[in-house]
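> Got a structure here, written out as structure tokens. Questions coming.
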Amino acid sequence: LLWTVVVIFFVTYTFAIFGIVLIVENLKWARDDYLEEADQIRLALLLGMMQGVDRMMYTLVQVLAGDSFHSFMRDILIYLPWSWIYFYGYIAIASLVLMNLVTAIIVENALETSRCDKEQMYADKEAGRAKEIKELEHMFAEMDVDGSGTLNLDEFQASFLDDALRKKWILLDFRQEDCKNLFDMLDDGDGEVSLEEFFDGLMRMRGGAQAKEIFTLQKMMHKLSRRLPPEWSSGGMARLST
């Protein structure tokens, strides 16, 4: 907003300088040519409005604001028929500058707001993720009855029987009938679920049925690859092909 005022000030100042040379000087000459009393009074009023940079700038602001300027413009046209070009040229240029500056300010504010919204969205997302991890960590600690740092199947099943933990499982979109399948998906094959496996599995299964299906398929492929004999690995297959 400050730059808008500054630019409009300099445009008005520039036109005021030209106005003194083009309008005021010609009105002074007209005062020598039109000697009737009515003309002298009219010219004196017009010169009183525009003689001097400050008065000319004030008059131009009045023109730009559309504040009853046609009356004195018509009086000026009597003596300077081409003067309308000067005034309407100022209106056009000042309005164009003002419009562009206001548009630029609106666009800049919109971009700044959008940037702040994105930063806030990322911050909220990160805060939400940190909260989820903390809640899962607390949930894991509640389930780990023996404090071993891992969950066995008994502890896992017991969590679905506990009222408080069962509510947390429901919020994660798991039911009691999912207990055994969920444990098998999280378990890497050693019969226990570590804290890392617990976090990794539950975080990757967020997002509904499709995410769960993808994670289940990945775990099945992983477990299958661990059961394959060494010669079925990529290196073993390369040796067999030779």
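Ligands are numbered from 1 in the order shown, chains are lettered A, B, ... in the order of the structure tokens, and residues start at 1 in each chain.
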Near stretch 87-101 of chain A, counting only C-alpha atoms, which residues have an atom at most 7 Å away, once you skip same-chain residues fewer than 6 positions from it, shown as a ChimeraX atom specification?
/A:4,8,11,15,64
> Among stretch 69-230 of chain A, which ones does DSSP place in helix (DSSP H, G or I), written as a PyMOL selection string?
chain A and resi 70-79+83-143+153-161+163-171+176-186+195-204+209-227+230
> Report as JSON lines the residues of stretch 46-151 of chain A within 10 Å of stretch 167-187 of chain A, each with its shortest atom pair and distance in Å (one decimal), using only C-alpha atoms, ordered by chain and increasing residue number.

{"residue": "A:Glu135", "atom": "CA", "partner": "A:Lys168", "partner_atom": "CA", "distance": 9.4}
{"residue": "A:Leu136", "atom": "CA", "partner": "A:Lys168", "partner_atom": "CA", "distance": 9.4}
{"residue": "A:Met139", "atom": "CA", "partner": "A:Lys168", "partner_atom": "CA", "distance": 8.1}
{"residue": "A:Leu151", "atom": "CA", "partner": "A:Phe183", "partner_atom": "CA", "distance": 9.2}
> Do you have the atom CA of A:Met143-atom CA of A:Asp188 distance handy?
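These two atoms are separated by 18.4 Å.
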> Just want the 10 Å neighbourhood of A:Met73, counted on only C-alpha atoms, with same-chain residues fewer than 2 positions away dropped. Output as an mmCIF file with C-alpha atoms, in the first residue's frame.

data_model
loop_
_atom_site.group_PDB
_atom_site.id
_atom_site.type_symbol
_atom_site.label_atom_id
_atom_site.label_comp_id
_atom_site.auth_asym_id
_atom_site.auth_seq_id
_atom_site.Cartn_x
_atom_site.Cartn_y
_atom_site.Cartn_z
ATOM 1 C CA LEU A 46 -8.882 28.708 -12.630
ATOM 2 C CA VAL A 63 -9.702 14.825 -11.138
ATOM 3 C CA SER A 68 -16.868 17.308 -9.508
ATOM 4 C CA PHE A 69 -14.018 18.189 -11.859
ATOM 5 C CA HIS A 70 -16.057 18.545 -15.053
ATOM 6 C CA SER A 71 -17.234 22.041 -14.161
ATOM 7 C CA ASP A 75 -14.259 26.344 -18.167
ATOM 8 C CA ILE A 76 -10.702 25.509 -19.213
ATOM 9 C CA LEU A 77 -11.971 24.115 -22.550
ATOM 10 C CA ILE A 78 -13.283 27.574 -23.391
ATOM 11 C CA LEU A 80 -7.733 25.670 -24.186
ATOM 12 C CA PRO A 81 -9.811 23.248 -26.313
ATOM 13 C CA SER A 83 -6.780 20.569 -22.416
ATOM 14 C CA TRP A 84 -9.061 17.511 -22.123
ATOM 15 C CA PHE A 87 -6.575 15.646 -17.947
#
> Give the strand (DSSP E or B) residues of stretch 1-239 of chain A, as DSSP finds them on the backbone, and put them as number ranges by chain.
A: 150-151, 193-194
> Store the residues of this selection in a file with N, CA and C atoms, as a short mmCIF file (atom, residue, chain, number, x, y, z; two decimals), in the first residue's frame.

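Output file part-v4.cif is given in full below:
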data_model
loop_
_atom_site.label_atom_id
_atom_site.label_comp_id
_atom_site.auth_asym_id
_atom_site.auth_seq_id
_atom_site.Cartn_x
_atom_site.Cartn_y
_atom_site.Cartn_z
N THR A 150 9.42 -56.40 23.17
CA THR A 150 8.78 -57.05 22.03
C THR A 150 7.41 -57.56 22.47
N LEU A 151 6.54 -57.81 21.48
CA LEU A 151 5.20 -58.32 21.77
C LEU A 151 5.08 -59.74 21.23
N VAL A 193 6.90 -59.28 17.82
CA VAL A 193 6.83 -58.00 17.11
C VAL A 193 7.62 -56.97 17.89
N SER A 194 8.67 -56.44 17.25
CA SER A 194 9.49 -55.43 17.91
C SER A 194 8.83 -54.06 17.77
#
> For the atom pair atom CA of A:Asp54 and atom CA of A:Phe18, what is the interatomic distance in Å to one decimal place?
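Going from atom CA of A:Asp54 over to atom CA of A:Phe18, I get 13.0 Å.
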> Separation of atom CA of A:Glu192 and atom CA of A:Asp144, in Å?
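Separation of atom CA of A:Glu192 and atom CA of A:Asp144: 11.0 Å.
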> Could you pull the residues within 10 Å of stretch 49-52 of chain A, counting only C-alpha atoms, minus those fewer than 6 positions along the same chain, as a list of chain:residue names?
A:Ala16, A:Ile17, A:Gly19, A:Ile20, A:Ile23, A:Val24, A:Glu25, A:Leu27, A:Lys28, A:Leu43, A:Tyr58, A:Thr59, A:Leu60, A:Phe72
